[in-house]
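Data first, discussion second: the structure below is written as structure tokens.
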Amino acid sequence: MSDCLKLANLLFPDIHETPEELMEKTFPARNLKQGAAVTRFAPSPTGFLHIGGVFASMAAERTAHLSDGVCILRIEDTDKKREMDDGVSIIVNGLADFGIRFDEGVHADGSESGDYGPYTQSKRRYPYHVFCKALVEKGLAYPCFCTAERLSEIRAEQEKNNVTPGYWGEYTEQCRNRSIEEIEELIKQGVPYVVRVKSPGKVGGRVKFRDIIRGDIEMEENFVDVVLLKSDGIPTYHFAHIVDDTLMRVTHVTRGEEWIASAPIHLQLFWLCGLKAPKYAHVPSIMKEDGGGKRKLSKRKDPEAAVSYFVEEGYPADAVMEYLLTIANSNFEDWRRQNKTAHYTTFPFALNKMSPSGALFDLAKLQSVSGTVISLMTAEQVLESVLAWAERYDKQLYDVLSADKQKALSIFSVDRGGNKPRKDIAKWNEVRAYISYFYDELREQSGEVLEIAAADQKAIIEKYLTVYSPDHDKDTWFATIKGMCEGLGFCPDVKQYKADPTGFKGHVGDVSSVIRVAVTGRKNTPDLHAVMTIMGKETVCARLNEYLERI
RNA sequence: GGUCCCUUCGUCUAGUCGGUUAGGACGCCAGCCUCUCAAGCUGGAAAUACGGGUUCGAGUCCCGUAGGGAUCACCA
């Protein structure tokens with residue numbers, strides 16, 4: 001028996017399977033149609049879902065589903081220190097909120113579905129060890145007994161000498177060349193060790209690979225003996241990536257651009273394992289303007305880094321996704337113009353159309369996209385969404401709206417539908433302010449003051465009270481207001497007034513403004529006739545009289 | 001610092017082989033429409049980071065500079 005084989009058996013006495021056998025028996029090739037992409041989103045359960053995570057997972061999900069492929073949600077929980085208790089559910093629910101659906105993987109409660117599991121890395125010890133053993137057997141990996149102290153000494157020395165830091169070169173000699181007896185003894189003594197790859201890379205060597213988004217990239221090859229298995233037997237990200245994406249038959253790896261620097265490690269590991277590397281697409285980070293510069297959206301500094309922000313503000317999930325799509329594929333907006341009512345999932349998203357540079361997150365643009373998305377919804381959809389949001393974030397609004405859904409529907413129907421719907425609402429937390437004057441419970445004293453003499457205002461209201469009828473249709477309603485003008489000293493025709501205002505106190509617009517303020521407390525509202533119709537005679541008259549007393 | 005990525009209006013970007021009045025969207029401004037505000041329509045201001053080349057001609061090709069970003073762990 002060769003030393004390598006002996007070492008492999010010493011390190012992994014319980015493993016009796018080869019990677020090839022494992023792949024054949026439990027992780028067979030998928031039966032998918034030609035060109036189907038298998039992608040995955042693989043977050044760590046840190047209890048925080050970053051908007052960049054939604055962006056990356058959207059790229060993965062779209063790529064898979066547009067090609068009739070499979071999208072996997074895998075949890076990378078190999079770092080117990082950063083893990084949070086409900087980390088998994090925060091991520092899974094967060095993604096579900098945005099309509100990102102996975103075909104296989106982990107669910108919010110931690111359960112899993114799919115034939116290529118487990119999908120939680122901490123449960124995949126066995127396959128990692130199978131692959132690691134094979135590497136040891138081939139003399140391509142070895143146990144390293146260096147302590148944390150030794151490692152930092154090495155680092156300090158390298159920094160002093162100005163050479164690339166890392167476990168490589170002369171520093172690897174001791175552990176790389178230990179005899180099998182020596183290793184056996186150290187293990188018997190209980191000395192902790194990691195398993196490192198015996199990197200064949202050379203300083204100055206080059207690797208090339210193609211990134212779907214960035215094109216050809218050439219970098220220095222990896223010559224560091226990176227850790228494969230930590231001392232607790234759990235793999236590092238690098239090794240887990242190789243094993244998992246191979247076994248799960250992932251074809252396209254979409255991940256943050258911060259990984260591009262470690263791509264040479266991954267390419268080397270695939271090669272050493274005798275495996276074909278998947279296609280890579282390194283998606284750009286979403287940036288934030290910061291004092292003239294750009295920086296990555298930060299969890300600490302930027303509330304909008306967390307997806308919970310968008311949920312709390314009440315941006316519809318589709319609106320956030322559409323905004324992200326405008327960043328991801330610039331032709332999305334053209335497509336949207338051509339396909340006004342189509343769902344965004346029918347847009348032919350393409351990884352290779354993504355821009356390689358990180359986009360600044362633009363809340364104003366989100367606002368605009370969202371306003372359009374909402375303007376295209378039916379009143380029923382709006383009400384349903386508002387209620388779902390308000391139930392969690394504005395109980396009073398929820399109660400008021402659900403007390404009379406018909407009224408709520410008619411409010412949301414004002415100027416909705418048709419070619420030019422209003423775009424007053426961009427997120428659900430704006431609804432309260434938008435509709436508050438319809439409800440006595442929500443009404444706030446706005447303090448809006450018109451520049452019209454109190455006496456004239458009084459005269460207008462008093463007169464209007466005598467001619468107002470809730471039965472008037474829009475045209476008669478307006479004709480009635482016009483008809484009041486002459487007697488009150490106002491011009492019934494705006495154009496005429498603008499051409500020559502002499503002799504008038506104002507025009508019909510001013511008259512209706514007085515009524516508007518009296519009825520709604522606002523200078524600006526949607527179509528006043530529609531508003532008054534919804535309110536009903538009782539409320540309208542009450543408000544008019546109330547205004548008379550106040551003025 | 002080493003390595004890698006990136007760089008067109010304020011923002012997101014379009015820009016096949018080098019020949020464009022450098023296009024669109026958001027935002028901003030103005031006008032029209034209009035009972036107000038939106039919406040809609042029309043128009044406007046607004047960009048090729050800088051410096052060299054190659055070329056009759058460069059946003060586009062080459063070199064350099066600057067700036068921004070990422071990464072260099074038993075973290076992902």
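Convention: chains lettered A, B, ... in structure tokens order; per-chain residue numbering from 1; ligands numbered from 1 as shown.
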Subject >> Spatial neighbours of C41 (chain B), 12 Å, only C-alpha atoms (C1' of nucleotides), chain gap at least 6 places, as a list in words >> reply: Lys420 of chain A; G31, C32 and C33 of chain B
Give me a file of those residues, with N, CA and C atoms (P, O5', C5', C4', C3', O3' and C1' of nucleotides), as a PDB file, in the first residue's frame.
ATOM      1  N   LYS A 420     -54.074  56.474 -19.454  1.00  0.00           N
ATOM      2  CA  LYS A 420     -53.249  57.377 -18.659  1.00  0.00           C
ATOM      3  C   LYS A 420     -53.597  57.319 -17.181  1.00  0.00           C
TER       4      LYS A 420
ATOM      5  P     G B  31     -43.714  77.485 -17.929  1.00  0.00           P
ATOM      6  O5'   G B  31     -44.295  76.959 -19.317  1.00  0.00           O
ATOM      7  C5'   G B  31     -44.217  77.769 -20.487  1.00  0.00           C
ATOM      8  C4'   G B  31     -44.623  76.960 -21.678  1.00  0.00           C
ATOM      9  C3'   G B  31     -46.037  76.389 -21.634  1.00  0.00           C
ATOM     10  O3'   G B  31     -47.005  77.348 -22.031  1.00  0.00           O
ATOM     11  C1'   G B  31     -44.529  74.708 -22.340  1.00  0.00           C
ATOM     12  P     C B  32     -48.505  77.207 -21.518  1.00  0.00           P
ATOM     13  O5'   C B  32     -49.019  75.942 -22.354  1.00  0.00           O
ATOM     14  C5'   C B  32     -49.121  76.020 -23.782  1.00  0.00           C
ATOM     15  C4'   C B  32     -49.533  74.687 -24.330  1.00  0.00           C
ATOM     16  C3'   C B  32     -50.842  74.138 -23.763  1.00  0.00           C
ATOM     17  O3'   C B  32     -51.953  74.673 -24.458  1.00  0.00           O
ATOM     18  C1'   C B  32     -49.194  72.425 -23.752  1.00  0.00           C
ATOM     19  P     C B  33     -53.280  75.034 -23.608  1.00  0.00           P
ATOM     20  O5'   C B  33     -53.805  73.584 -23.181  1.00  0.00           O
ATOM     21  C5'   C B  33     -54.239  72.649 -24.178  1.00  0.00           C
ATOM     22  C4'   C B  33     -54.498  71.314 -23.533  1.00  0.00           C
ATOM     23  C3'   C B  33     -55.431  71.377 -22.328  1.00  0.00           C
ATOM     24  O3'   C B  33     -56.795  71.330 -22.739  1.00  0.00           O
ATOM     25  C1'   C B  33     -53.506  70.091 -21.784  1.00  0.00           C
TER      26        C B  33
END
Please report as a Markdown table every residue of chain B lying within 12 Å of region 270-287 of chain A, along with the nearest atom pair and their distance in Å (one decimal), using only C-alpha atoms (C1' of nucleotides).
| residue | atom | partner | partner_atom | distance |
| --- | --- | --- | --- | --- |
| B:C5 | C1' | A:Pro284 | CA | 9.6 |
| B:C6 | C1' | A:Pro284 | CA | 9.8 |
| B:U11 | C1' | A:Met287 | CA | 11.5 |
| B:C12 | C1' | A:Ile286 | CA | 11.8 |
| B:G68 | C1' | A:Met287 | CA | 11.0 |
| B:G69 | C1' | A:Ser285 | CA | 9.1 |
| B:A70 | C1' | A:Ser285 | CA | 9.4 |
Can you write out the residues you just picked, keeping C-alpha atoms (C1' of nucleotides), as a short mmCIF file (atom, residue, chain, number, x, y, z; two decimals), in the first residue's frame?
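The resulting file, result-v1.cif, is shown below:
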data_model
loop_
_atom_site.label_atom_id
_atom_site.label_comp_id
_atom_site.auth_asym_id
_atom_site.auth_seq_id
_atom_site.Cartn_x
_atom_site.Cartn_y
_atom_site.Cartn_z
"C1'" C B 5 -12.39 44.08 -12.21
"C1'" C B 6 -14.52 48.66 -13.71
"C1'" U B 11 -28.13 58.10 -12.04
"C1'" C B 12 -29.01 53.35 -15.13
"C1'" G B 68 -13.49 53.89 -8.21
"C1'" G B 69 -14.32 48.81 -6.68
"C1'" A B 70 -13.04 43.80 -5.18
#
Set out as a tab-separated table a contact list for chain A and chain B with a cut-off of 6 Å, giving each residue of chain A that qualifies its closest atom pair and distance in Å to one decimal, counting only C-alpha atoms (C1' of nucleotides), ordered by chain and rising residue number.
residue	atom	partner	partner_atom	distance
A:Lys230	CA	B:C74	C1'	4.6
A:Glu258	CA	B:A70	C1'	5.4
A:Ala261	CA	B:U71	C1'	5.4
A:Ser357	CA	B:C6	C1'	5.5
A:Lys365	CA	B:C26	C1'	4.9
A:Lys420	CA	B:A39	C1'	5.6
A:Arg422	CA	B:A39	C1'	4.9
A:Gly509	CA	B:C35	C1'	4.5
A:Ser512	CA	B:C35	C1'	5.6
A:Asn524	CA	B:C37	C1'	4.5
A:Thr525	CA	B:C37	C1'	5.7
Quick one: everything within 8 Å of G18 (chain B), counting only C-alpha atoms (C1' of nucleotides), minus sequence neighbours fewer than 6 positions away in the same chain. Send it as a PDB file with C-alpha atoms (C1' of nucleotides), in the first residue's frame.
ATOM      1  C1'   G B  57     -11.429  59.832 -39.450  1.00  0.00           C
ATOM      2  C1'   A B  58     -11.595  56.996 -32.418  1.00  0.00           C
ATOM      3  C1'   U B  60     -15.132  52.434 -30.544  1.00  0.00           C
ATOM      4  C1'   C B  61      -8.167  50.018 -31.628  1.00  0.00           C
TER       5        C B  61
END
**OP:** Work out how far apart CA of Val54 (chain A) and CA of Ser385 (chain A) are and give it in Å to one decimal.
**Re:**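 For CA of Val54 (chain A) relative to CA of Ser385 (chain A), the distance reads 20.7 Å.
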Could you give me, as an mmCIF file with C-alpha atoms, in the first residue's frame, the residues within 8 Å of Phe55 (chain A), counting only C-alpha atoms (C1' of nucleotides) and dropping anything in the same chain fewer than 4 positions from it?
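So out_6.cif came out as:
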data_model
loop_
_atom_site.group_PDB
_atom_site.id
_atom_site.type_symbol
_atom_site.label_atom_id
_atom_site.label_comp_id
_atom_site.auth_asym_id
_atom_site.auth_seq_id
_atom_site.Cartn_x
_atom_site.Cartn_y
_atom_site.Cartn_z
ATOM 1 C CA ILE A 51 -30.625 43.424 -1.872
ATOM 2 C CA ALA A 59 -30.106 36.206 -12.149
ATOM 3 C CA LEU A 324 -33.524 45.190 -10.527
#
Using only C-alpha atoms (C1' of nucleotides), determine which residues lie at most 10 Å from A47 (chain B), disregarding the query and same-chain residues fewer than 2 positions distant; provide the list as a PDB file with C-alpha atoms (C1' of nucleotides), in the first residue's frame.
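Output file part.pdb follows:
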ATOM      1  C1'   U B   8     -20.354  57.458 -21.965  1.00  0.00           C
ATOM      2  C1'   C B   9     -25.312  62.963 -19.220  1.00  0.00           C
ATOM      3  C1'   A B  22     -23.390  60.429 -29.290  1.00  0.00           C
TER       4        A B  22
END
Subject >> Distance in Å - CA of Gly69 (chain A) versus CA of Leu32 (chain A) >> reply: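 Interatomic distance, CA of Gly69 (chain A) to CA of Leu32 (chain A): 7.0 Å.
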Can you check which residues of region 235-437 of chain A DSSP gives as helix (DSSP H, G or I) on the backbone and send them as a compact mmCIF listing (two decimals) with C-alpha atoms, in the first residue's frame?
# COMPACT_ATOMS: atom_id res chain seq x y z
CA TYR A 237 -16.28 27.61 0.88
CA HIS A 238 -13.76 26.79 -1.84
CA PHE A 239 -13.96 23.07 -1.41
CA ALA A 240 -17.68 23.01 -0.76
CA HIS A 241 -18.23 24.91 -4.00
CA ILE A 242 -16.32 22.28 -5.98
CA VAL A 243 -18.09 19.32 -4.43
CA ASP A 244 -21.59 20.74 -4.22
CA ASP A 245 -21.81 22.27 -7.64
CA THR A 246 -20.39 19.12 -9.16
CA LEU A 247 -22.76 16.78 -7.37
CA GLU A 257 -18.06 39.59 -8.09
CA GLU A 258 -16.14 39.39 -4.84
CA TRP A 259 -15.53 35.74 -5.78
CA ILE A 260 -13.68 36.47 -8.93
CA ALA A 261 -10.42 36.81 -7.05
CA SER A 262 -10.68 33.24 -5.81
CA ALA A 263 -11.69 31.77 -9.14
CA PRO A 264 -8.12 30.52 -9.75
CA ILE A 265 -8.39 28.43 -6.59
CA HIS A 266 -11.64 26.93 -7.78
CA LEU A 267 -10.41 26.25 -11.27
CA GLN A 268 -7.37 24.52 -9.85
CA LEU A 269 -9.48 22.39 -7.53
CA PHE A 270 -11.80 21.31 -10.31
CA TRP A 271 -8.80 20.38 -12.36
CA LEU A 272 -7.11 18.44 -9.55
CA PRO A 303 -31.22 50.71 5.43
CA GLU A 304 -32.04 49.89 1.83
CA ALA A 305 -29.35 47.22 1.79
CA VAL A 307 -34.65 43.62 1.62
CA SER A 308 -36.80 44.04 4.68
CA TYR A 309 -36.58 47.77 4.00
CA PHE A 310 -38.52 47.39 0.77
CA VAL A 311 -41.10 45.20 2.38
CA GLU A 312 -41.59 47.63 5.23
CA GLU A 313 -41.84 50.63 2.94
CA ALA A 317 -42.34 42.78 -4.94
CA ASP A 318 -42.80 43.00 -8.68
CA ALA A 319 -41.72 46.62 -8.65
CA VAL A 320 -38.46 45.81 -6.92
CA MET A 321 -37.86 42.97 -9.33
CA GLU A 322 -38.58 45.18 -12.32
CA TYR A 323 -36.22 47.81 -11.02
CA LEU A 324 -33.52 45.19 -10.53
CA LEU A 325 -34.17 44.01 -14.05
CA THR A 326 -33.59 47.51 -15.40
CA ILE A 327 -30.19 47.41 -13.74
CA ALA A 328 -29.47 43.87 -14.86
CA PHE A 332 -35.57 45.56 -20.17
CA GLU A 333 -36.99 49.07 -20.33
CA ASP A 334 -37.36 48.86 -24.09
CA TRP A 335 -39.04 45.53 -23.73
CA ARG A 336 -41.33 46.93 -21.09
CA ARG A 337 -42.42 49.72 -23.43
CA GLN A 338 -43.26 47.13 -26.08
CA TYR A 344 -41.58 40.51 -16.07
CA THR A 345 -40.95 36.78 -16.01
CA THR A 346 -41.63 36.66 -19.73
CA LEU A 351 -26.69 36.84 -18.20
CA ASN A 352 -24.38 37.99 -20.94
CA LYS A 353 -26.30 41.25 -21.27
CA LEU A 363 -34.30 55.02 -5.15
CA ALA A 364 -35.82 57.69 -7.40
CA LYS A 365 -35.84 55.27 -10.30
CA LEU A 366 -37.29 52.53 -8.13
CA GLN A 367 -39.98 55.00 -7.15
CA SER A 368 -40.79 55.64 -10.78
CA VAL A 369 -40.82 51.97 -11.74
CA SER A 370 -42.95 51.16 -8.76
CA GLY A 371 -45.42 53.94 -9.50
CA THR A 372 -45.89 52.55 -12.97
CA VAL A 373 -46.29 49.01 -11.73
CA ILE A 374 -48.97 50.10 -9.28
CA SER A 375 -50.71 52.29 -11.84
CA ALA A 379 -58.29 48.51 -7.86
CA GLU A 380 -58.86 45.02 -6.47
CA GLN A 381 -55.18 44.20 -6.70
CA VAL A 382 -54.27 47.47 -5.07
CA LEU A 383 -56.67 46.93 -2.22
CA GLU A 384 -55.49 43.40 -1.68
CA SER A 385 -51.85 44.46 -1.61
CA VAL A 386 -52.48 47.44 0.61
CA LEU A 387 -54.40 45.32 3.07
CA ALA A 388 -51.66 42.70 3.18
CA TRP A 389 -49.10 45.39 3.85
CA ALA A 390 -51.19 47.42 6.28
CA GLU A 391 -52.09 44.40 8.34
CA ARG A 392 -48.46 44.29 9.41
CA TYR A 393 -47.35 47.88 9.24
CA LYS A 395 -53.10 48.54 11.71
CA GLN A 396 -55.35 51.57 11.74
CA LEU A 397 -55.23 51.84 7.97
CA TYR A 398 -55.98 48.16 7.75
CA ASP A 399 -59.01 48.46 9.99
CA VAL A 400 -60.40 51.46 8.20
CA LEU A 401 -60.01 49.92 4.75
CA SER A 402 -61.36 46.52 5.63
CA ALA A 403 -64.37 48.03 7.40
CA LYS A 405 -64.02 47.45 1.13
CA GLN A 406 -66.46 48.82 -1.42
CA LYS A 407 -65.55 52.35 -0.46
CA ALA A 408 -61.87 51.49 -0.53
CA LEU A 409 -62.26 49.99 -3.98
CA SER A 410 -64.00 53.06 -5.31
CA ILE A 411 -61.23 55.25 -3.91
CA PHE A 412 -58.57 53.17 -5.61
CA SER A 413 -60.61 53.21 -8.81
CA TRP A 428 -47.98 51.20 0.16
CA ASN A 429 -46.86 53.43 2.98
CA GLU A 430 -47.95 56.36 0.82
CA VAL A 431 -51.51 55.14 0.69
CA ARG A 432 -52.46 56.52 4.07
CA ALA A 433 -51.57 60.06 3.13
CA TYR A 434 -53.14 59.64 -0.29
CA ILE A 435 -56.57 58.63 0.98
CA SER A 436 -56.70 59.99 4.51
CA TYR A 437 -59.24 62.74 3.79
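Minimum atom-to-atom distance to A46 (chain B), evaluated using only C-alpha atoms (C1' of nucleotides), belongs to B:C28 out of B:A66, B:G59, B:C28, B:G19.
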Would you kindly return, as a PDB file with N, CA and C atoms (P, O5', C5', C4', C3', O3' and C1' of nucleotides), in the first residue's frame, each protein, DNA or RNA residue with an atom no farther than 7 Å from any atom of region 151-167 of chain A, considering only C-alpha atoms (C1' of nucleotides) and excluding same-chain residues fewer than 5 positions away?
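result.pdb written:
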ATOM      1  N   CYS A 146      -0.194  23.006  11.483  1.00  0.00           N
ATOM      2  CA  CYS A 146       0.265  24.324  11.922  1.00  0.00           C
ATOM      3  C   CYS A 146      -0.799  24.998  12.801  1.00  0.00           C
ATOM      4  N   THR A 172       5.369  25.566   3.532  1.00  0.00           N
ATOM      5  CA  THR A 172       4.557  24.351   3.449  1.00  0.00           C
ATOM      6  C   THR A 172       5.399  23.098   3.638  1.00  0.00           C
ATOM      7  N   VAL A 224      -1.183  28.822  -3.512  1.00  0.00           N
ATOM      8  CA  VAL A 224      -1.314  28.689  -2.066  1.00  0.00           C
ATOM      9  C   VAL A 224      -1.970  27.350  -1.739  1.00  0.00           C
ATOM     10  N   ASP A 225      -1.456  26.698  -0.709  1.00  0.00           N
ATOM     11  CA  ASP A 225      -2.071  25.448  -0.259  1.00  0.00           C
ATOM     12  C   ASP A 225      -3.291  25.790   0.597  1.00  0.00           C
TER      13      ASP A 225
ATOM     14  P     G B   2       1.883  47.240  -6.145  1.00  0.00           P
ATOM     15  O5'   G B   2       1.606  45.675  -6.056  1.00  0.00           O
ATOM     16  C5'   G B   2       2.682  44.752  -6.161  1.00  0.00           C
ATOM     17  C4'   G B   2       2.138  43.346  -6.099  1.00  0.00           C
ATOM     18  C3'   G B   2       1.049  43.044  -7.110  1.00  0.00           C
ATOM     19  O3'   G B   2       1.577  42.697  -8.373  1.00  0.00           O
ATOM     20  C1'   G B   2       0.345  42.320  -4.979  1.00  0.00           C
TER      21        G B   2
END
**OP:** Run DSSP on the backbone of this structure and report the residues of region 181-282 of chain A it assigns to strand (DSSP E), as a PyMOL selection string.
**Re:** chain A and resi 194-197+206-211+215-220+227-229+252-256+279-282
Subject >> Pro235 (chain A) environment, 9 Å, only C-alpha atoms (C1' of nucleotides), sequence neighbours closer than 4 positions dropped, as a list in words >> reply: Thr78, Gln121, Ser122, Arg125, Tyr128, His129, Val227, Leu228, Leu229, Lys230, Phe239 and Ala240 of chain A
